[in-house]
$ cat coords.txt   # compact mmCIF, C-alpha atoms
# COMPACT_ATOMS: atom_id res chain seq x y z
CA MET W 1 123.24 85.52 83.68
CA LEU W 2 122.63 86.47 80.05
CA ASN W 3 124.95 88.64 77.99
CA ARG W 4 124.33 92.37 78.06
CA ILE W 5 120.75 93.19 77.04
CA LYS W 6 120.14 96.65 75.62
CA ILE W 7 116.68 97.88 76.58
CA VAL W 8 115.01 101.17 75.72
CA TYR W 9 112.64 102.31 78.47
CA ILE W 10 109.94 104.85 77.59
CA LEU W 11 108.71 106.91 80.55
CA SER W 12 105.72 109.22 80.81
CA ALA W 13 107.22 111.42 83.53
CA ALA W 14 110.55 112.60 84.92
CA PHE W 15 109.24 113.57 88.36
CA MET W 16 109.07 111.45 91.48
CA GLY W 17 105.62 109.93 91.19
CA GLY W 18 104.85 106.31 91.98
CA ALA W 19 105.50 104.99 88.45
CA THR W 20 108.88 106.73 88.26
CA ILE W 21 110.00 105.60 91.72
CA SER W 22 108.98 102.01 90.98
CA PHE W 23 110.86 102.17 87.67
CA MET W 24 114.01 103.46 89.37
CA ASN W 25 113.93 100.70 92.00
CA MET W 26 113.49 98.12 89.25
CA LEU W 27 116.36 99.46 87.18
CA LYS W 28 118.76 99.60 90.14
CA GLY W 29 118.30 95.85 90.50
CA LEU W 30 118.39 95.04 86.79
CA ILE W 31 121.64 96.84 85.93
CA PRO W 32 123.84 94.39 87.95
CA LYS W 33 122.14 91.53 86.06
CA GLY W 34 123.48 92.77 82.74
CA ILE W 35 120.78 95.18 81.57
CA GLU W 36 122.07 98.12 79.53
CA PRO W 37 119.31 100.73 79.86
CA ILE W 38 118.54 103.64 77.60
CA VAL W 39 115.89 105.89 79.12
CA LEU W 40 113.55 108.11 77.12
CA TYR W 41 111.74 110.70 79.23
CA PRO W 42 109.53 113.71 78.36
CA LYS W 43 111.69 116.67 77.44
CA HIS W 44 108.81 119.00 78.28
CA GLY W 45 107.31 119.19 81.75
CA LYS W 46 108.61 118.79 85.28
CA LYS W 47 111.97 117.09 85.89
CA ASP W 48 112.94 116.31 89.47
CA ASP W 49 116.57 116.65 90.48
CA ALA W 50 116.39 113.22 92.13
CA PHE W 51 115.44 111.57 88.84
CA MET W 52 118.08 113.39 86.81
CA SER W 53 120.71 112.57 89.46
CA PHE W 54 119.68 108.91 89.27
CA LEU W 55 120.42 108.86 85.54
CA SER W 56 123.77 110.54 86.13
CA ASP W 57 124.82 108.45 89.14
CA TYR W 58 124.16 105.17 87.32
CA ASN W 59 125.68 106.49 84.08
CA ILE W 60 122.45 105.75 82.20
CA LYS W 61 122.22 106.92 78.62
CA SER W 62 119.08 108.99 78.20
CA TYR W 63 117.17 111.18 75.78
CA GLY W 64 114.56 113.85 76.31
CA VAL W 65 111.83 113.20 73.73
CA ILE W 66 108.27 114.23 72.96
CA VAL W 67 106.01 111.91 74.95
CA THR W 68 102.25 112.31 75.25
CA ALA W 69 99.59 110.14 76.83
CA SER W 70 96.99 108.45 74.66
CA ALA W 71 94.30 109.67 77.02
CA LEU W 72 92.49 112.89 77.89
CA TYR W 73 90.91 114.05 81.12
CA ARG W 74 87.17 113.59 81.05
CA PRO W 75 85.55 117.03 80.58
CA ARG W 76 83.43 118.02 83.58
CA THR W 77 82.70 121.71 83.08
CA MET W 78 81.34 123.68 80.13
CA SER W 79 84.72 125.32 79.48
CA GLN W 80 86.41 121.90 79.50
CA HIS W 81 83.91 120.63 76.94
CA PHE W 82 84.70 123.62 74.69
CA ARG W 83 88.46 123.04 75.06
CA TRP W 84 88.25 119.30 74.47
CA PRO W 85 88.54 119.41 70.62
CA LEU W 86 91.66 121.57 70.95
CA SER W 87 93.13 119.15 73.51
CA PHE W 88 92.39 116.25 71.18
CA CYS W 89 94.08 117.94 68.21
CA SER W 90 97.09 118.83 70.37
CA MET W 91 97.38 115.20 71.50
CA MET W 92 97.33 113.93 67.91
CA VAL W 93 100.01 116.39 66.79
CA LYS W 94 102.24 115.42 69.73
CA LYS W 95 101.72 111.71 69.08
CA THR W 96 102.91 112.13 65.49
CA ALA W 97 105.98 114.03 66.67
CA SER W 98 106.57 111.40 69.35
CA LEU W 99 106.53 108.56 66.83
CA PHE W 100 109.08 110.36 64.69
CA SER W 101 111.49 111.28 67.52
CA ILE W 102 111.39 107.88 69.24
CA SER W 103 111.69 105.98 65.93
CA ARG W 104 114.89 107.86 65.13
CA ILE W 105 116.43 106.85 68.47
CA ILE W 106 115.35 103.21 68.12
CA LYS W 107 116.81 103.06 64.63
CA ASN W 108 120.16 104.37 65.89
CA GLU W 109 120.36 102.44 69.17
CA LYS W 110 119.04 99.06 67.89
CA PRO W 111 117.86 97.79 71.31
CA ASP W 112 117.06 94.16 72.08
CA ILE W 113 113.79 95.09 73.83
CA ILE W 114 111.55 98.15 74.14
CA HIS W 115 109.88 98.46 77.56
CA THR W 116 107.09 101.04 77.95
CA ASN W 117 106.76 102.02 81.62
CA VAL W 118 103.04 102.98 81.62
CA GLY W 119 99.99 101.91 79.63
CA VAL W 120 99.00 105.34 78.31
CA ILE W 121 102.08 105.57 76.09
CA HIS W 122 101.42 103.61 72.88
CA GLU W 123 104.26 104.72 70.62
CA GLY W 124 106.75 102.18 71.97
CA LEU W 125 104.55 99.27 70.94
CA LYS W 126 103.89 100.67 67.48
CA ILE W 127 107.59 101.33 66.87
CA ALA W 128 108.58 97.90 68.21
CA LYS W 129 106.28 96.24 65.68
CA LYS W 130 107.69 98.41 62.91
CA PHE W 131 111.29 97.39 63.65
CA GLY W 132 110.57 93.80 64.72
CA ILE W 133 111.75 94.34 68.32
CA PRO W 134 110.14 92.57 71.33
CA HIS W 135 107.96 94.89 73.39
CA VAL W 136 107.01 94.89 77.08
CA MET W 137 103.97 96.94 78.14
CA HIS W 138 103.92 97.80 81.84
CA LEU W 139 100.37 98.57 83.00
CA ARG W 140 100.62 100.67 86.15
CA GLU W 141 97.22 102.39 86.11
CA TYR W 142 93.51 101.85 85.54
CA GLN W 143 93.49 105.12 83.58
CA ASP W 144 89.75 105.76 83.88
CA LYS W 145 89.07 104.79 87.50
CA ASP W 146 92.17 106.29 89.08
CA PHE W 147 92.91 109.32 86.87
CA ASP W 148 89.48 109.91 85.34
CA TRP W 149 91.02 109.69 81.85
CA MET W 150 89.13 108.92 78.67
CA ILE W 151 91.12 106.07 77.14
CA PHE W 152 92.05 106.77 73.53
CA PRO W 153 90.58 105.74 71.19
CA SER W 154 88.46 103.51 73.51
CA LYS W 155 89.01 100.97 76.28
CA LYS W 156 88.05 98.13 73.94
CA SER W 157 90.51 99.31 71.28
CA PHE W 158 93.22 99.71 73.90
CA GLU W 159 92.68 96.14 75.13
CA LYS W 160 93.05 94.90 71.55
CA LEU W 161 96.18 96.99 71.05
CA ILE W 162 98.08 95.94 74.16
CA LYS W 163 97.60 92.25 73.39
CA LYS W 164 100.01 92.83 70.50
CA SER W 165 102.80 93.32 73.05
CA ASP W 166 105.12 90.37 73.47
CA GLU W 167 104.74 90.62 77.25
CA ILE W 168 102.28 92.59 79.39
CA VAL W 169 103.17 93.35 83.01
CA CYS W 170 100.26 94.26 85.31
CA ILE W 171 101.13 95.63 88.74
CA THR W 172 98.00 94.11 90.36
CA GLU W 173 95.42 91.43 89.69
CA GLY W 174 92.85 94.21 89.60
CA ILE W 175 94.51 95.92 86.65
CA ARG W 176 94.81 92.63 84.77
CA GLU W 177 91.08 92.05 85.28
CA HIS W 178 90.22 95.66 84.40
CA PHE W 179 91.69 95.21 80.93
CA ASN W 180 90.30 91.67 80.50
CA LEU W 181 93.72 90.03 80.37
CA GLN W 182 93.05 87.04 82.65
CA ALA W 183 93.12 84.61 79.72
CA CYS W 184 96.03 86.33 77.96
CA LYS W 185 99.04 84.00 78.15
CA ASN W 186 101.59 86.80 77.83
CA ALA W 187 100.05 88.91 80.64
CA SER W 188 101.45 88.43 84.15
CA VAL W 189 101.15 90.18 87.50
CA VAL W 190 104.40 91.58 88.92
CA TYR W 191 104.00 93.69 92.04
CA ASN W 192 106.11 96.82 92.39
CA GLY W 193 109.27 96.58 94.45
CA ILE W 194 109.22 98.83 97.51
CA TYR W 195 112.44 98.15 99.43
CA PRO W 196 115.15 95.48 99.61
CA LYS W 197 114.16 92.57 101.87
CA GLU W 198 116.56 93.55 104.62
CA ASN W 199 115.46 97.19 104.68
CA THR W 200 112.89 96.94 107.48
CA SER W 201 112.52 98.23 111.00
CA TYR W 202 109.84 98.64 113.63
CA CYS W 203 109.32 101.61 115.92
CA ARG W 204 107.48 100.81 119.14
CA GLN W 205 107.11 104.46 120.16
CA LYS W 206 104.16 105.43 117.98
CA GLU W 207 103.12 109.06 118.15
CA SER W 208 99.61 110.52 118.14
CA TYR W 209 99.21 111.38 114.48
CA PHE W 210 97.79 109.96 111.30
CA LEU W 211 99.66 110.35 108.02
CA CYS W 212 98.59 110.97 104.44
CA ALA W 213 101.47 110.68 101.96
CA SER W 214 100.62 111.20 98.28
CA ARG W 215 100.11 113.87 95.67
CA VAL W 216 97.63 116.39 97.02
CA VAL W 217 95.00 116.22 94.28
CA PRO W 218 91.24 115.50 94.42
CA VAL W 219 91.49 111.84 93.32
CA LYS W 220 93.60 111.12 96.43
CA GLY W 221 90.60 111.85 98.65
CA HIS W 222 92.16 114.26 101.15
CA HIS W 223 88.80 116.03 101.57
CA ASP W 224 87.27 112.84 103.00
CA VAL W 225 90.28 112.32 105.26
CA ILE W 226 90.06 115.83 106.74
CA SER W 227 86.30 115.51 107.23
CA ALA W 228 86.73 112.22 109.09
CA PHE W 229 89.65 113.53 111.12
CA ALA W 230 87.61 116.58 112.20
CA HIS W 231 84.98 114.23 113.63
CA PHE W 232 87.66 112.09 115.37
CA TYR W 233 89.51 115.16 116.64
CA LYS W 234 86.57 116.34 118.74
CA ASN W 235 87.23 113.50 121.20
CA HIS W 236 91.01 113.24 120.61
CA PRO W 237 92.47 116.76 120.70
CA ASP W 238 95.97 115.32 121.27
CA TYR W 239 96.06 113.87 117.73
CA LYS W 240 97.35 115.43 114.51
CA LEU W 241 96.86 114.76 110.82
CA ILE W 242 100.05 115.19 108.78
CA ILE W 243 99.63 115.61 105.02
CA ALA W 244 102.86 115.04 103.08
CA GLY W 245 103.19 115.58 99.35
CA PHE W 246 103.21 118.11 96.52
CA GLY W 247 100.13 118.81 94.47
CA ASP W 248 97.48 121.18 93.22
CA ALA W 249 97.86 124.56 94.97
CA GLN W 250 94.21 125.47 94.48
CA TYR W 251 93.05 122.16 95.93
CA MET W 252 95.47 122.53 98.85
CA ASP W 253 94.05 125.98 99.63
CA LYS W 254 90.58 124.47 99.55
CA LEU W 255 91.64 121.78 102.03
CA LYS W 256 93.17 124.36 104.39
CA SER W 257 89.95 126.39 104.31
CA MET W 258 88.00 123.21 104.92
CA ALA W 259 90.10 122.44 108.01
CA VAL W 260 89.40 125.92 109.36
CA GLU W 261 85.66 125.51 108.82
CA LEU W 262 85.70 122.11 110.55
CA GLN W 263 87.66 123.56 113.48
CA CYS W 264 90.66 121.26 113.21
CA SER W 265 93.14 123.45 111.32
CA GLU W 266 95.49 123.68 114.31
CA ALA W 267 95.90 119.89 114.14
CA VAL W 268 96.27 119.50 110.35
CA GLU W 269 99.83 120.00 109.10
CA PHE W 270 100.75 120.33 105.42
CA VAL W 271 104.47 119.49 105.32
CA GLY W 272 104.93 119.40 101.52
CA TYR W 273 107.05 116.89 99.63
CA VAL W 274 109.17 114.71 101.92
CA ASN W 275 112.17 113.10 100.25
CA ASP W 276 112.17 110.11 102.63
CA VAL W 277 108.78 109.53 104.25
CA ARG W 278 109.88 106.44 106.21
CA ASN W 279 110.49 108.25 109.51
CA LEU W 280 106.98 109.72 109.41
CA MET W 281 105.52 106.29 108.64
CA ARG W 282 107.41 104.48 111.39
CA LYS W 283 106.08 106.77 114.10
CA ALA W 284 102.54 107.28 112.77
CA LYS W 285 99.53 105.55 114.31
CA ALA W 286 98.39 104.75 110.78
CA LEU W 287 98.76 105.74 107.16
CA ILE W 288 95.43 106.81 105.71
CA VAL W 289 94.97 106.08 102.00
CA GLY W 290 91.96 108.06 100.84
CA SER W 291 92.49 107.58 97.10
CA ILE W 292 89.32 106.93 95.16
CA TYR W 293 91.21 104.28 93.17
CA GLU W 294 94.87 103.29 93.23
CA GLY W 295 96.49 101.32 90.43
CA PHE W 296 98.83 99.74 92.98
CA GLY W 297 99.06 101.82 96.12
CA ARG W 298 102.78 102.21 96.65
CA MET W 299 102.37 104.09 99.94
CA THR W 300 100.19 101.27 101.30
CA ALA W 301 102.89 98.66 100.71
CA GLU W 302 105.57 101.06 101.94
CA ALA W 303 103.71 101.62 105.22
CA CYS W 304 103.46 97.86 105.77
CA TYR W 305 107.20 97.59 105.20
CA ASN W 306 107.76 100.24 107.87
CA GLY W 307 105.55 98.68 110.53
CA CYS W 308 102.74 101.19 110.14
CA LEU W 309 99.11 100.09 110.07
CA VAL W 310 97.05 101.24 107.08
CA ILE W 311 93.52 102.56 106.92
CA GLY W 312 92.54 102.36 103.25
CA ARG W 313 89.59 102.87 100.97
CA GLU W 314 88.15 99.50 99.95
CA THR W 315 88.93 99.88 96.24
CA GLY W 316 91.57 99.05 93.61
CA GLY W 317 95.15 98.31 94.53
CA THR W 318 94.67 99.50 98.12
CA LYS W 319 92.14 96.74 98.73
CA GLU W 320 94.31 94.15 96.98
CA ILE W 321 97.32 94.93 99.19
CA LEU W 322 95.33 95.10 102.45
CA ASP W 323 93.53 91.85 101.63
CA ARG W 324 97.00 90.28 101.78
CA THR W 325 98.65 92.18 104.60
CA GLY W 326 95.71 93.09 106.80
CA GLY W 327 94.49 96.59 107.53
CA LEU W 328 91.35 98.60 108.14
CA PHE W 329 88.92 99.43 105.33
CA PHE W 330 86.57 102.37 104.94
CA ASN W 331 83.99 103.34 102.34
CA ASP W 332 82.77 106.71 103.64
CA ILE W 333 83.62 109.48 106.09
CA THR W 334 81.83 107.85 109.02
CA SER W 335 83.58 104.50 108.61
CA LEU W 336 86.93 106.28 108.22
CA ALA W 337 86.41 108.10 111.53
CA ASP W 338 85.49 104.76 113.11
CA CYS W 339 88.74 103.23 111.80
CA MET W 340 90.74 106.07 113.37
CA GLU W 341 88.97 105.39 116.64
CA SER W 342 89.73 101.67 116.40
CA VAL W 343 93.45 102.24 115.79
CA SER W 344 93.69 104.76 118.64
CA CYS W 345 92.21 102.15 121.03
CA LEU W 346 94.74 99.41 120.25
CA THR W 347 97.17 98.47 122.99
CA ASP W 348 100.87 98.51 122.13
CA GLU W 349 100.86 94.70 122.06
CA GLN W 350 97.82 94.51 119.76
CA TYR W 351 99.30 97.12 117.43
CA GLU W 352 102.68 95.39 117.24
CA GLU W 353 101.15 92.00 116.46
CA LYS W 354 99.14 93.39 113.54
CA ALA W 355 101.94 95.60 112.21
CA LEU W 356 104.64 92.92 112.29
CA LEU W 357 102.38 90.41 110.54
CA ALA W 358 101.70 92.95 107.77
CA GLN W 359 105.41 93.69 107.56
CA SER W 360 106.39 90.05 107.12
CA ILE W 361 103.86 89.60 104.31
CA ALA W 362 105.03 92.81 102.61
CA ILE W 363 108.65 91.62 102.68
CA ASP W 364 107.68 88.37 100.96
CA THR W 365 105.46 90.04 98.36
CA TYR W 366 106.68 93.56 97.61
CA SER W 367 110.47 93.38 97.81
CA ILE W 368 112.66 94.89 95.11
CA GLU W 369 114.36 91.49 94.75
CA ASN W 370 111.07 89.79 93.82
CA ASN W 371 110.18 92.53 91.37
CA VAL W 372 113.59 92.49 89.67
CA ASP W 373 113.73 88.70 89.39
CA ASN W 374 110.27 88.55 87.83
CA ILE W 375 111.02 91.29 85.29
CA TYR W 376 114.40 89.75 84.45
CA ASN W 377 112.76 86.37 83.81
CA ILE W 378 110.34 88.08 81.41
CA TYR W 379 113.29 89.54 79.49
CA LYS W 380 114.93 86.11 79.29
CA LYS W 381 111.82 84.75 77.59
CA LEU W 382 112.13 87.42 74.88
CA ILE W 383 115.82 87.00 74.04

$ encode --input "coords.txt" --output "structure tokens"
Amino acid sequence: MLNRIKIVYILSAAFMGGATISFMNMLKGLIPKGIEPIVLYPKHGKKDDAFMSFLSDYNIKSYGVIVTASALYRPRTMSQHFRWPLSFCSMMVKKTASLFSISRIIKNEKPDIIHTNVGVIHEGLKIAKKFGIPHVMHLREYQDKDFDWMIFPSKKSFEKLIKKSDEIVCITEGIREHFNLQACKNASVVYNGIYPKENTSYCRQKESYFLCASRVVPVKGHHDVISAFAHFYKNHPDYKLIIAGFGDAQYMDKLKSMAVELQCSEAVEFVGYVNDVRNLMRKAKALIVGSIYEGFGRMTAEACYNGCLVIGRETGGTKEILDRTGGLFFNDITSLADCMESVSCLTDEQYEEKALLAQSIAIDTYSIENNVDNIYNIYKKLI
């Protein structure tokens, strides 16, 4: 083990999204290895109690700072086009303030490494170069494909910028390819850590429901899932669709109205944010991942860990995980309904064989231990 390594981590969010959860799992494993973390998180915006408690419980020094993404949502409506110049100017003002506030902390703390947790935050890299500190860029998103962001100032410029990092961590092969980093010697793929290796179980008593567990926003594809379920439900009135997660209230109202129109509302349950979704996964017939594009697909790997089959859209990180673990793919509403039918027809023995194989592969590939060891080895190269 090395001596204590002081690392400043720059986060884009303080709420329990996939990037934040993956970061927390990583840090829990790194602290016993001698990492002294200092966490910078956005002082404006949502802060989950679970995240703030994590900082307190692990006695992690932290600062609330101005953090803004170097990306803007692609304008789709006329009003969005009119507001775009104002959004751009606001982003530039915040980026200037962010550089100043983070620079002051770096100057005082004198870390050994700066680790930026997501690719849309560029200030950490710029400040690291200014102070001559090694920088790690963690690419956890496609940006354009998954969030429909316009990459600032352009995708080509961003690719040139990130290659200035001392190390680039991509959470999937797909993201490494998306940013043309295959030939970049300092770019490696490190999959997110989901659970410790021993934290697995298998429930043989599956119940008659499908599960969606993600933020409830349009890019997660819930509208396709409900449409497909409505078709499946006509012949399987004993089944339910459980939708777990927080999200856009307007979109959620639209989904509820949609379920009423498709005559399946009595079987579609919106249960909100679930602190520990494992019990729902263990008993579900399948997790349905309707996301248009996932950078990684944390819920997909988590379902495999919990012995739950996955029906996933054949894109991005979802495809990459299911290519390894096995699962069912869909590309449209009809094929999704067909996948539901296929899962419902499996015998208990057939289901268990598929689920346990996926679980064993997930343990070998997506454990917290693997993630922590890989990240720690990257740090050792920089010190």

$ closest_atom_pairs --input "coords.txt" --of "segment 61-100 of chain W" --to "segment 108-131 of chain W" --cutoff "10 Å" --atoms "all atoms listed in the file" --output "CSV"
residue,atom,partner,partner_atom,distance
W:Val67,CA,W:Ile121,CA,7.5
W:Thr68,CA,W:Ile121,CA,6.8
W:Ala69,CA,W:Val120,CA,5.1
W:Ser70,CA,W:Val120,CA,5.2
W:Ala71,CA,W:Val120,CA,6.5
W:Leu72,CA,W:Val120,CA,10.0
W:Lys95,CA,W:Glu123,CA,7.6
W:Thr96,CA,W:Glu123,CA,9.1
W:Ser98,CA,W:Glu123,CA,7.2
W:Leu99,CA,W:Glu123,CA,5.9
W:Phe100,CA,W:Ile127,CA,9.4

$ write_last_selection --input "coords.txt" --atoms "C-alpha atoms" --output "PDB file, keeping the file's coordinate frame"
ATOM      1  CA  VAL W  67     106.010 111.910  74.950  1.00  0.00           C
ATOM      2  CA  THR W  68     102.250 112.310  75.250  1.00  0.00           C
ATOM      3  CA  ALA W  69      99.590 110.140  76.830  1.00  0.00           C
ATOM      4  CA  SER W  70      96.990 108.450  74.660  1.00  0.00           C
ATOM      5  CA  ALA W  71      94.300 109.670  77.020  1.00  0.00           C
ATOM      6  CA  LEU W  72      92.490 112.890  77.890  1.00  0.00           C
ATOM      7  CA  LYS W  95     101.720 111.710  69.080  1.00  0.00           C
ATOM      8  CA  THR W  96     102.910 112.130  65.490  1.00  0.00           C
ATOM      9  CA  SER W  98     106.570 111.400  69.350  1.00  0.00           C
ATOM     10  CA  LEU W  99     106.530 108.560  66.830  1.00  0.00           C
ATOM     11  CA  PHE W 100     109.080 110.360  64.690  1.00  0.00           C
TER      12      PHE W 100
END

$ closest_residue --input "coords.txt" --among "W:Val65, W:Met258, W:Ile60, W:Leu309" --to "Leu11 of chain W" --atoms "all atoms listed in the file"
W:Val65

$ atom_distance --input "coords.txt" --atom1 "atom CA of Ala362 of chain W" --atom2 "atom CA of Asn25 of chain W"
15.9 Å

$ atom_distance --input "coords.txt" --atom1 "atom CA of Thr325 of chain W" --atom2 "atom CA of Thr20 of chain W"
24.2 Å

$ atom_distance --input "coords.txt" --atom1 "atom CA of Ser22 of chain W" --atom2 "atom CA of Pro196 of chain W"
12.5 Å

$ closest_residue --input "coords.txt" --among "W:Val219, W:Val260, W:Cys212, W:Val136" --to "Ser188 of chain W" --atoms "all atoms listed in the file"
W:Val136

$ closest_residue --input "coords.txt" --among "W:Val189, W:Ile383, W:Leu357, W:Ile168" --to "Gly326 of chain W" --atoms "only C-alpha atoms"
W:Leu357

$ residues_around --input "coords.txt" --residues "segment 221-227 of chain W" --least-positions-apart "2" --cutoff "6 Å" --atoms "only C-alpha atoms" --output "ChimeraX atom specification"
/W:218-219,229-230,290-291,333

$ residues_around --input "coords.txt" --residues "Asp348 of chain W" --least-positions-apart "3" --cutoff "9 Å" --atoms "all atoms listed in the file" --output "MDAnalysis selection string"
chainID W and resid 204:206 351:353

$ residues_around --input "coords.txt" --residues "Tyr305 of chain W" --least-positions-apart "5" --cutoff "10 Å" --atoms "all atoms listed in the file" --output "count of residues only"
23

$ residues_near_point --input "coords.txt" --point "(93.3, 122.1, 112.8)" --cutoff "12 Å" --atoms "only C-alpha atoms" --output "ChimeraX atom specification"
/W:226-227,229-234,237-243,255-270

$ closest_residue --input "coords.txt" --among "W:Ser87, W:Ser103, W:Thr172, W:Asn192" --to "Val8 of chain W" --atoms "only C-alpha atoms"
W:Ser103

$ residues_around --input "coords.txt" --residues "Ser53 of chain W" --least-positions-apart "5" --cutoff "12 Å" --atoms "only C-alpha atoms" --output "list in words"
Ala14, Phe15, Met16, Met24, Lys47, Asp48, Tyr58, Asn59, Ile60 and Ser62 of chain W

$ residues_around --input "coords.txt" --residues "segment 378-381 of chain W" --least-positions-apart "2" --cutoff "8 Å" --atoms "all atoms listed in the file" --output "ChimeraX atom specification"
/W:2,113,167,374-376,383

$ closest_residue --input "coords.txt" --among "W:Ala228, W:Met91, W:Val277, W:Met52" --to "Ser335 of chain W" --atoms "all atoms listed in the file"
W:Ala228

$ closest_residue --input "coords.txt" --among "W:Asp166, W:Glu207, W:Asp253, W:Asp364" --to "Tyr191 of chain W" --atoms "all atoms listed in the file"
W:Asp364

$ build_atoms --input "coords.txt" --residues "segment 196-202 of chain W" --atoms "all heavy atoms" --output "JSON list (two decimals), keeping the file's coordinate frame"
[["chain", "number", "residue", "atom", "x", "y", "z"],
["W", 196, "PRO", "N", 114.48, 96.77, 99.50],
["W", 196, "PRO", "CA", 115.15, 95.48, 99.61],
["W", 196, "PRO", "C", 114.61, 94.71, 100.82],
["W", 196, "PRO", "O", 114.11, 95.31, 101.78],
["W", 196, "PRO", "CB", 116.62, 95.87, 99.82],
["W", 196, "PRO", "CG", 116.74, 97.25, 99.27],
["W", 196, "PRO", "CD", 115.41, 97.91, 99.54],
["W", 197, "LYS", "N", 114.73, 93.41, 100.81],
["W", 197, "LYS", "CA", 114.16, 92.57, 101.87],
["W", 197, "LYS", "C", 114.69, 92.90, 103.25],
["W", 197, "LYS", "O", 113.96, 92.82, 104.25],
["W", 197, "LYS", "CB", 114.41, 91.09, 101.56],
["W", 197, "LYS", "CG", 113.57, 90.56, 100.41],
["W", 197, "LYS", "CD", 113.75, 89.06, 100.22],
["W", 197, "LYS", "CE", 112.82, 88.55, 99.13],
["W", 197, "LYS", "NZ", 112.94, 87.08, 98.92],
["W", 198, "GLU", "N", 115.97, 93.29, 103.31],
["W", 198, "GLU", "CA", 116.56, 93.55, 104.62],
["W", 198, "GLU", "C", 116.28, 94.96, 105.14],
["W", 198, "GLU", "O", 116.62, 95.28, 106.28],
["W", 198, "GLU", "CB", 118.08, 93.31, 104.59],
["W", 198, "GLU", "CG", 118.89, 94.37, 103.85],
["W", 198, "GLU", "CD", 118.91, 94.17, 102.34],
["W", 198, "GLU", "OE1", 118.26, 93.22, 101.86],
["W", 198, "GLU", "OE2", 119.59, 94.96, 101.64],
["W", 199, "ASN", "N", 115.64, 95.79, 104.32],
["W", 199, "ASN", "CA", 115.46, 97.19, 104.68],
["W", 199, "ASN", "C", 114.16, 97.40, 105.46],
["W", 199, "ASN", "O", 113.22, 98.04, 104.99],
["W", 199, "ASN", "CB", 115.47, 98.04, 103.41],
["W", 199, "ASN", "CG", 115.63, 99.51, 103.71],
["W", 199, "ASN", "OD1", 115.66, 99.92, 104.87],
["W", 199, "ASN", "ND2", 115.74, 100.32, 102.67],
["W", 200, "THR", "N", 114.09, 96.82, 106.66],
["W", 200, "THR", "CA", 112.89, 96.94, 107.48],
["W", 200, "THR", "C", 113.27, 97.32, 108.91],
["W", 200, "THR", "O", 114.40, 97.09, 109.35],
["W", 200, "THR", "CB", 112.10, 95.62, 107.53],
["W", 200, "THR", "OG1", 112.93, 94.60, 108.08],
["W", 200, "THR", "CG2", 111.63, 95.21, 106.16],
["W", 201, "SER", "N", 112.33, 97.91, 109.59],
["W", 201, "SER", "CA", 112.52, 98.23, 111.00],
["W", 201, "SER", "C", 111.13, 98.39, 111.63],
["W", 201, "SER", "O", 110.13, 98.46, 110.91],
["W", 201, "SER", "CB", 113.33, 99.52, 111.17],
["W", 201, "SER", "OG", 112.62, 100.61, 110.60],
["W", 202, "TYR", "N", 111.11, 98.41, 112.95],
["W", 202, "TYR", "CA", 109.84, 98.64, 113.63],
["W", 202, "TYR", "C", 110.05, 99.58, 114.80],
["W", 202, "TYR", "O", 110.94, 99.36, 115.63],
["W", 202, "TYR", "CB", 109.23, 97.32, 114.13],
["W", 202, "TYR", "CG", 107.89, 97.53, 114.79],
["W", 202, "TYR", "CD1", 106.76, 97.80, 114.02],
["W", 202, "TYR", "CD2", 107.76, 97.50, 116.18],
["W", 202, "TYR", "CE1", 105.53, 98.03, 114.62],
["W", 202, "TYR", "CE2", 106.53, 97.73, 116.78],
["W", 202, "TYR", "CZ", 105.42, 97.99, 115.99],
["W", 202, "TYR", "OH", 104.20, 98.23, 116.57]]
